[in-house]
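With PDB, C-alpha atoms inside, this is target-v1.pdb:
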```pdb
MODEL        1
ATOM      1  CA  MET Q  83      -4.102  19.326 -32.928
ATOM      2  CA  GLY Q  84      -1.095  21.661 -33.142
ATOM      3  CA  ARG Q  85       0.604  22.442 -36.469
ATOM      4  CA  VAL Q  86       4.389  22.014 -36.544
ATOM      5  CA  LEU Q  87       6.471  23.187 -39.496
ATOM      6  CA  VAL Q  88       9.753  21.285 -39.538
ATOM      7  CA  LEU Q  89      12.760  22.689 -41.422
ATOM      8  CA  ALA Q  90      15.327  19.884 -41.493
ATOM      9  CA  GLY Q  91      17.071  17.215 -43.534
ATOM     10  CA  SER Q  92      15.703  13.915 -44.813
ATOM     11  CA  ASP Q  93      17.048  10.597 -43.444
ATOM     12  CA  SER Q  94      16.573   7.754 -45.927
ATOM     13  CA  GLY Q  95      16.868   5.246 -43.083
ATOM     14  CA  GLY Q  96      13.858   6.805 -41.353
ATOM     15  CA  GLY Q  97      15.374   6.968 -37.883
ATOM     16  CA  ALA Q  98      16.236  10.654 -37.676
ATOM     17  CA  GLY Q  99      15.617  13.887 -39.544
ATOM     18  CA  ILE Q 100      12.322  14.726 -41.228
ATOM     19  CA  GLN Q 101      11.142  11.124 -41.008
ATOM     20  CA  ALA Q 102      11.605  10.958 -37.229
ATOM     21  CA  ASP Q 103      10.034  14.406 -36.907
ATOM     22  CA  ILE Q 104       6.869  13.448 -38.801
ATOM     23  CA  LYS Q 105       6.499  10.180 -36.866
ATOM     24  CA  THR Q 106       6.953  11.932 -33.526
ATOM     25  CA  ILE Q 107       4.577  14.809 -34.206
ATOM     26  CA  THR Q 108       1.928  12.421 -35.501
ATOM     27  CA  ALA Q 109       2.286  10.000 -32.582
ATOM     28  CA  LEU Q 110       1.763  12.867 -30.147
ATOM     29  CA  GLY Q 111      -1.367  14.103 -31.898
ATOM     30  CA  GLY Q 112       0.072  17.008 -33.863
ATOM     31  CA  TYR Q 113       0.073  17.863 -37.571
ATOM     32  CA  ALA Q 114       3.472  17.838 -39.297
ATOM     33  CA  ALA Q 115       4.409  19.937 -42.315
ATOM     34  CA  THR Q 116       7.935  20.152 -43.729
ATOM     35  CA  ALA Q 117      10.500  22.220 -45.561
ATOM     36  CA  ILE Q 118      13.334  19.827 -46.438
ATOM     37  CA  THR Q 119      16.814  21.377 -46.289
ATOM     38  CA  ALA Q 120      18.843  18.413 -47.594
ATOM     39  CA  VAL Q 121      18.484  14.820 -48.711
ATOM     40  CA  THR Q 122      20.915  12.489 -46.968
ATOM     41  CA  VAL Q 123      21.891   8.987 -47.991
ATOM     42  CA  GLN Q 124      22.076   7.082 -44.727
ATOM     43  CA  ASN Q 125      21.129   4.042 -42.709
ATOM     44  CA  THR Q 126      21.993   2.844 -39.210
ATOM     45  CA  LEU Q 127      25.641   2.432 -40.235
ATOM     46  CA  GLY Q 128      26.156   6.067 -41.164
ATOM     47  CA  VAL Q 129      25.793   8.878 -43.699
ATOM     48  CA  THR Q 130      27.292   8.256 -47.141
ATOM     49  CA  GLY Q 131      25.904  11.265 -48.988
ATOM     50  CA  VAL Q 132      24.440  14.721 -48.382
ATOM     51  CA  HIS Q 133      22.596  16.551 -51.159
ATOM     52  CA  PRO Q 134      21.523  20.122 -50.344
ATOM     53  CA  ILE Q 135      18.180  21.498 -51.500
ATOM     54  CA  PRO Q 136      18.409  24.836 -53.388
ATOM     55  CA  LEU Q 137      17.864  27.763 -51.031
ATOM     56  CA  GLU Q 138      14.935  29.147 -52.990
ATOM     57  CA  VAL Q 139      13.208  25.747 -52.814
ATOM     58  CA  ILE Q 140      13.701  25.537 -49.041
ATOM     59  CA  GLU Q 141      12.107  28.934 -48.586
ATOM     60  CA  ALA Q 142       9.339  28.210 -51.094
ATOM     61  CA  GLN Q 143       8.358  25.046 -49.187
ATOM     62  CA  ALA Q 144       8.095  26.973 -45.941
ATOM     63  CA  ARG Q 145       6.191  29.895 -47.492
ATOM     64  CA  ALA Q 146       3.708  27.530 -49.132
ATOM     65  CA  VAL Q 147       2.929  25.963 -45.755
ATOM     66  CA  LEU Q 148       2.741  29.237 -43.833
ATOM     67  CA  ASP Q 149       0.586  30.961 -46.465
ATOM     68  CA  ASP Q 150      -2.013  28.203 -46.448
ATOM     69  CA  ILE Q 151      -1.878  25.755 -43.527
ATOM     70  CA  GLY Q 152      -0.059  27.945 -41.004
ATOM     71  CA  ALA Q 153       2.026  26.827 -38.031
ATOM     72  CA  ASP Q 154       1.758  26.838 -34.258
ATOM     73  CA  ALA Q 155       5.439  25.925 -33.765
ATOM     74  CA  PHE Q 156       8.634  25.573 -35.768
ATOM     75  CA  LYS Q 157      11.231  22.856 -35.333
ATOM     76  CA  THR Q 158      14.611  23.196 -37.042
ATOM     77  CA  GLY Q 159      17.151  20.432 -37.515
ATOM     78  CA  MET Q 160      19.966  19.914 -40.029
ATOM     79  CA  LEU Q 161      20.798  23.208 -41.741
ATOM     80  CA  GLY Q 162      24.106  22.364 -43.394
ATOM     81  CA  ASP Q 163      25.696  25.671 -44.366
ATOM     82  CA  VAL Q 164      25.540  29.435 -43.954
ATOM     83  CA  GLY Q 165      23.075  29.932 -46.812
ATOM     84  CA  VAL Q 166      20.587  27.488 -45.328
ATOM     85  CA  VAL Q 167      20.949  29.033 -41.861
ATOM     86  CA  GLU Q 168      20.229  32.479 -43.294
ATOM     87  CA  THR Q 169      17.248  31.183 -45.274
ATOM     88  CA  VAL Q 170      15.676  29.352 -42.328
ATOM     89  CA  ALA Q 171      16.313  32.300 -40.005
ATOM     90  CA  ARG Q 172      14.473  34.526 -42.477
ATOM     91  CA  VAL Q 173      11.479  32.170 -42.432
ATOM     92  CA  LEU Q 174      11.411  32.182 -38.624
ATOM     93  CA  ALA Q 175      11.693  35.968 -38.549
ATOM     94  CA  SER Q 176       8.636  36.246 -40.808
ATOM     95  CA  ALA Q 177       6.490  34.608 -38.104
ATOM     96  CA  PRO Q 178       7.892  36.007 -34.838
ATOM     97  CA  ASP Q 179       4.908  34.886 -32.745
ATOM     98  CA  VAL Q 180       5.433  31.207 -33.633
ATOM     99  CA  PRO Q 181       7.777  29.543 -31.096
ATOM    100  CA  ALA Q 182      10.795  27.794 -32.572
ATOM    101  CA  VAL Q 183      12.515  24.729 -31.139
ATOM    102  CA  VAL Q 184      16.045  24.859 -32.526
ATOM    103  CA  ASP Q 185      18.035  21.621 -32.535
ATOM    104  CA  PRO Q 186      21.577  22.718 -33.519
ATOM    105  CA  VAL Q 187      22.408  19.549 -35.475
ATOM    106  CA  MET Q 188      26.141  19.354 -36.165
ATOM    107  CA  ILE Q 189      27.228  15.709 -36.260
ATOM    108  CA  ALA Q 190      25.342  12.543 -37.216
ATOM    109  CA  LYS Q 191      25.238   9.625 -34.779
ATOM    110  CA  GLY Q 192      27.797   7.829 -36.921
ATOM    111  CA  GLY Q 193      30.184  10.794 -36.894
ATOM    112  CA  ALA Q 194      29.461  12.528 -40.221
ATOM    113  CA  SER Q 195      29.503  16.333 -40.149
ATOM    114  CA  LEU Q 196      26.084  17.882 -40.842
ATOM    115  CA  LEU Q 197      26.989  21.550 -40.313
ATOM    116  CA  ALA Q 198      29.850  23.379 -42.008
ATOM    117  CA  GLU Q 199      32.387  24.845 -39.579
ATOM    118  CA  GLN Q 200      31.852  28.344 -40.955
ATOM    119  CA  ALA Q 201      28.101  28.051 -40.309
ATOM    120  CA  ILE Q 202      28.494  27.819 -36.516
ATOM    121  CA  ASP Q 203      28.772  31.601 -36.186
ATOM    122  CA  ALA Q 204      25.629  32.000 -38.302
ATOM    123  CA  VAL Q 205      23.749  29.633 -35.988
ATOM    124  CA  LYS Q 206      24.938  31.663 -33.003
ATOM    125  CA  SER Q 207      23.926  35.018 -34.455
ATOM    126  CA  LEU Q 208      20.779  34.113 -36.399
ATOM    127  CA  MET Q 209      19.212  30.961 -34.935
ATOM    128  CA  ILE Q 210      19.897  31.054 -31.193
ATOM    129  CA  PRO Q 211      18.242  34.470 -30.679
ATOM    130  CA  ARG Q 212      15.109  33.102 -32.385
ATOM    131  CA  ALA Q 213      14.936  29.948 -30.245
ATOM    132  CA  ALA Q 214      12.057  29.585 -27.815
ATOM    133  CA  LEU Q 215      14.019  26.466 -26.881
ATOM    134  CA  LEU Q 216      17.522  25.414 -27.915
ATOM    135  CA  THR Q 217      18.271  21.677 -27.545
ATOM    136  CA  PRO Q 218      22.045  21.058 -27.797
ATOM    137  CA  ASN Q 219      23.882  17.930 -26.728
ATOM    138  CA  ALA Q 220      27.212  18.320 -24.967
ATOM    139  CA  PRO Q 221      29.455  18.477 -28.100
ATOM    140  CA  GLU Q 222      27.103  20.951 -29.762
ATOM    141  CA  ALA Q 223      26.944  23.159 -26.671
ATOM    142  CA  SER Q 224      30.728  23.082 -26.454
ATOM    143  CA  ALA Q 225      31.082  24.095 -30.117
ATOM    144  CA  LEU Q 226      28.617  26.957 -29.678
ATOM    145  CA  THR Q 227      30.089  28.324 -26.451
ATOM    146  CA  GLY Q 228      33.754  27.284 -26.509
ATOM    147  CA  LEU Q 229      33.268  25.800 -23.042
ATOM    148  CA  PRO Q 230      33.996  22.192 -22.016
ATOM    149  CA  VAL Q 231      30.823  20.186 -21.334
ATOM    150  CA  GLU Q 232      31.878  17.090 -19.412
ATOM    151  CA  THR Q 233      30.000  17.383 -16.095
ATOM    152  CA  LEU Q 234      26.617  18.514 -14.808
ATOM    153  CA  ASP Q 235      28.111  21.824 -13.715
ATOM    154  CA  ASP Q 236      29.559  22.207 -17.223
ATOM    155  CA  GLN Q 237      26.067  21.653 -18.661
ATOM    156  CA  ARG Q 238      24.766  24.397 -16.399
ATOM    157  CA  ARG Q 239      27.528  26.851 -17.365
ATOM    158  CA  ALA Q 240      27.078  26.188 -21.071
ATOM    159  CA  GLY Q 241      23.319  26.578 -20.757
ATOM    160  CA  GLU Q 242      23.721  29.955 -19.079
ATOM    161  CA  ALA Q 243      26.117  31.022 -21.840
ATOM    162  CA  LEU Q 244      23.567  30.027 -24.491
ATOM    163  CA  LEU Q 245      20.873  32.027 -22.698
ATOM    164  CA  ALA Q 246      23.248  34.979 -22.842
ATOM    165  CA  LEU Q 247      23.459  34.503 -26.631
ATOM    166  CA  GLY Q 248      19.707  35.103 -26.838
ATOM    167  CA  ALA Q 249      17.928  31.756 -26.465
ATOM    168  CA  LYS Q 250      14.715  32.061 -24.438
ATOM    169  CA  ALA Q 251      15.371  28.635 -22.882
ATOM    170  CA  VAL Q 252      17.945  25.852 -23.254
ATOM    171  CA  LEU Q 253      17.533  22.109 -22.808
ATOM    172  CA  MET Q 254      21.077  20.909 -22.113
ATOM    173  CA  LYS Q 255      21.079  17.223 -22.989
ATOM    174  CA  GLY Q 256      23.330  14.974 -20.927
ATOM    175  CA  GLY Q 257      23.557  11.837 -23.010
ATOM    176  CA  HIS Q 258      27.209  12.502 -23.876
ATOM    177  CA  VAL Q 259      28.140  13.293 -20.265
ATOM    178  CA  ALA Q 260      29.651  10.299 -18.454
ATOM    179  CA  GLY Q 261      27.754   8.691 -15.603
ATOM    180  CA  GLU Q 262      25.300   5.925 -14.769
ATOM    181  CA  ARG Q 263      22.406   8.370 -14.942
ATOM    182  CA  VAL Q 264      21.511  10.804 -17.694
ATOM    183  CA  VAL Q 265      20.523  14.316 -16.637
ATOM    184  CA  ASP Q 266      18.992  16.835 -19.026
ATOM    185  CA  LEU Q 267      18.727  20.381 -17.689
ATOM    186  CA  LEU Q 268      16.001  22.787 -18.793
ATOM    187  CA  ILE Q 269      17.506  26.195 -18.130
ATOM    188  CA  THR Q 270      15.477  29.400 -18.333
ATOM    189  CA  PRO Q 271      15.944  32.923 -16.968
ATOM    190  CA  GLN Q 272      13.579  31.870 -14.156
ATOM    191  CA  GLY Q 273      15.618  28.843 -13.075
ATOM    192  CA  GLU Q 274      16.203  25.219 -14.014
ATOM    193  CA  THR Q 275      14.380  21.891 -14.070
ATOM    194  CA  SER Q 276      16.204  18.570 -14.263
ATOM    195  CA  PHE Q 277      15.032  15.437 -16.057
ATOM    196  CA  GLU Q 278      16.952  12.397 -14.857
ATOM    197  CA  GLY Q 279      16.896   8.678 -15.522
ATOM    198  CA  GLU Q 280      19.008   5.534 -15.658
ATOM    199  CA  ARG Q 281      21.286   5.374 -18.687
ATOM    200  CA  ILE Q 282      19.818   2.871 -21.143
ATOM    201  CA  ASP Q 283      22.463   0.428 -22.365
ATOM    202  CA  THR Q 284      21.554   0.263 -26.048
ATOM    203  CA  ARG Q 285      22.930   0.953 -29.504
ATOM    204  CA  HIS Q 286      19.461   2.008 -30.658
ATOM    205  CA  THR Q 287      19.761   5.756 -30.168
ATOM    206  CA  HIS Q 288      19.588   7.028 -33.749
ATOM    207  CA  GLY Q 289      17.435  10.135 -33.964
ATOM    208  CA  THR Q 290      16.997  10.765 -30.260
ATOM    209  CA  GLY Q 291      17.834  14.459 -30.627
ATOM    210  CA  CYS Q 292      15.489  15.022 -33.572
ATOM    211  CA  THR Q 293      12.758  13.104 -31.790
ATOM    212  CA  LEU Q 294      13.075  15.022 -28.523
ATOM    213  CA  ALA Q 295      13.043  18.424 -30.214
ATOM    214  CA  SER Q 296      10.030  17.530 -32.353
ATOM    215  CA  ALA Q 297       8.186  16.170 -29.332
ATOM    216  CA  VAL Q 298       8.726  19.453 -27.477
ATOM    217  CA  ALA Q 299       7.650  21.471 -30.519
ATOM    218  CA  THR Q 300       4.458  19.401 -30.679
ATOM    219  CA  GLY Q 301       3.702  20.183 -27.057
ATOM    220  CA  LEU Q 302       4.253  23.889 -27.599
ATOM    221  CA  SER Q 303       2.040  23.810 -30.704
ATOM    222  CA  GLN Q 304      -0.719  22.259 -28.588
ATOM    223  CA  GLY Q 305      -0.478  24.995 -25.981
ATOM    224  CA  LEU Q 306       1.449  23.162 -23.272
ATOM    225  CA  PRO Q 307       3.702  25.260 -21.013
ATOM    226  CA  LEU Q 308       7.387  24.750 -21.805
ATOM    227  CA  THR Q 309       8.249  22.622 -18.762
ATOM    228  CA  GLN Q 310       5.231  20.376 -19.333
ATOM    229  CA  ALA Q 311       6.065  20.056 -23.037
ATOM    230  CA  VAL Q 312       9.643  19.036 -22.208
ATOM    231  CA  ALA Q 313       8.492  16.550 -19.562
ATOM    232  CA  ARG Q 314       6.095  14.835 -21.963
ATOM    233  CA  ALA Q 315       8.749  14.794 -24.700
ATOM    234  CA  TRP Q 316      11.373  13.373 -22.345
ATOM    235  CA  ASN Q 317       9.099  10.528 -21.280
ATOM    236  CA  TYR Q 318       8.097   9.840 -24.878
ATOM    237  CA  VAL Q 319      11.718   9.496 -26.025
ATOM    238  CA  HIS Q 320      12.664   7.387 -22.999
ATOM    239  CA  GLU Q 321       9.896   4.897 -23.747
ATOM    240  CA  ALA Q 322      10.674   4.937 -27.487
ATOM    241  CA  MET Q 323      14.268   3.950 -26.681
ATOM    242  CA  LEU Q 324      13.138   1.136 -24.384
ATOM    243  CA  ARG Q 325      10.845  -0.175 -27.122
ATOM    244  CA  ALA Q 326      13.374   0.182 -29.985
ATOM    245  CA  PRO Q 327      12.585  -2.456 -32.629
ATOM    246  CA  GLY Q 328      16.214  -3.566 -33.063
ATOM    247  CA  LEU Q 329      16.499  -2.638 -36.732
ATOM    248  CA  GLY Q 330      19.793  -2.287 -38.578
ATOM    249  CA  GLN Q 331      23.375  -3.257 -37.872
ATOM    250  CA  GLY Q 332      24.515   0.067 -36.395
ATOM    251  CA  HIS Q 333      22.835   2.866 -34.434
ATOM    252  CA  GLY Q 334      19.239   1.668 -34.700
ATOM    253  CA  PRO Q 335      16.041   3.739 -34.645
ATOM    254  CA  LEU Q 336      13.540   4.222 -31.848
ATOM    255  CA  ASP Q 337       9.939   3.026 -31.751
ATOM    256  CA  HIS Q 338       8.251   6.322 -32.553
ATOM    257  CA  ALA Q 339       4.786   4.778 -32.829
ATOM    258  CA  TRP Q 340       4.607   3.248 -29.343
ATOM    259  CA  PRO Q 341       1.780   5.526 -28.091
ATOM    260  CA  VAL Q 342      -0.556   4.255 -30.812
ATOM    261  CA  ARG Q 343       0.092   0.540 -30.360
TER     262      ARG Q 343
ENDMDL
END
```
Whole structure, structure tokens version:
Amino acid sequence: MGRVLVLAGSDSGGGAGIQADIKTITALGGYAATAITAVTVQNTLGVTGVHPIPLEVIEAQARAVLDDIGADAFKTGMLGDVGVVETVARVLASAPDVPAVVDPVMIAKGGASLLAEQAIDAVKSLMIPRAALLTPNAPEASALTGLPVETLDDQRRAGEALLALGAKAVLMKGGHVAGERVVDLLITPQGETSFEGERIDTRHTHGTGCTLASAVATGLSQGLPLTQAVARAWNYVHEAMLRAPGLGQGHGPLDHAWPVR
């Protein structure tokens, strides 16, 4: 089955965050458990409130899961501030043999900040070295490396820089990079693999990053090799975007449940 412990924020609109993570992991045959880092007030039009969970409660949720159910993979999402980064990093360090997919969530689809500026250094020093896979989009990669990420070559350079910071592998997402086709690059010390497709002209892209990272974590939890896990996740998200149900007036959600229809 594959047990995935997700440490991330809640999205009341259900399109991203913990809700998207649970839907994705379940649709791909895994078992989802959670440690919620924050409760957000949001819908497809944007985030109107963020309410952090006390640090001791975040850690207690994770410990309760690990002490009883266990985990075959971690997935991290919205962390919010330095204290949360330190807490989640401590949880990951307590289970060093469990691979972690780290999605360095910084900005919501509607533009709201989801990571304090002063927490970026903590992500670099504490989370990236613990990442079996880091999944930044172009703005996130730029913030973490200080490099521009506007072309495919820029994606490659930023990915190499993130490997140098300690990530075991980096999936450089190309959705923010201009062009008729979207190219995501899986970069490892052994080389790179590209995942490429036509850009889908849609406003229904809410939660794509959360969904992709959770899909990869599910694959890893089920014993798939990294490249195979990324390939399955990439295809899953692509189809979920094509089948988006058209909900909401803004950035709408994907159809996470398409494999079970």
Go through the shown structure with the PyMOL selection byres ((chain Q and resi 182-198) around 6) and write out the matching residues as a list in words.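 On the file shown, the PyMOL selection byres ((chain Q and resi 182-198) around 6) covers Gly128, Ala155, Phe156, Lys157, Thr158, Gly159, Met160, Gly162, Asp163, Pro181, Glu199, Gln200, Ala201, Ala213, Ala214, Leu215, Leu216, Thr217, Pro218 and Ala299 of chain Q.
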Calculated over all atoms listed in the file, which of the candidates Q:Leu148, Q:Ala339, Q:Leu161, Q:Ala117 has the smallest distance to Val132 (chain Q)?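 For Val132 (chain Q), the nearest of the candidates is Q:Leu161.
If you measure from each of Q:Leu308, Q:Ile100, Q:Ala177, Q:Ala144 to Ala251 (chain Q) using all atoms listed in the file, the closest one turns out to be Q:Leu308.
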Applied to the shown file, which residues does the PyMOL selection byres ((chain Q and resi 231) around 12) return, written as a PyMOL selection string? chain Q and resi 218-230+232-241+243+254-260
Would you write out, as a list in words, every residue that the PyMOL selection byres ((chain Q and resi 277) around 10) captures in this file? Leu253, Lys255, Gly256, Val264, Val265, Asp266, Leu267, Leu268, Thr275, Ser276, Glu278, Gly279, Val312, Ala313, Trp316 and Asn317 of chain Q
Pick out the closest residue to Glu321 (chain Q) from this set: Q:Ile140, Q:Val86, Q:Leu306, Q:Leu294. Count all atoms listed in the file. Q:Leu294
Mind giving me the straight-line distance from CA of Ser303 (chain Q) to CA of Val147 (chain Q) in Å, one decimal? 15.2 Å
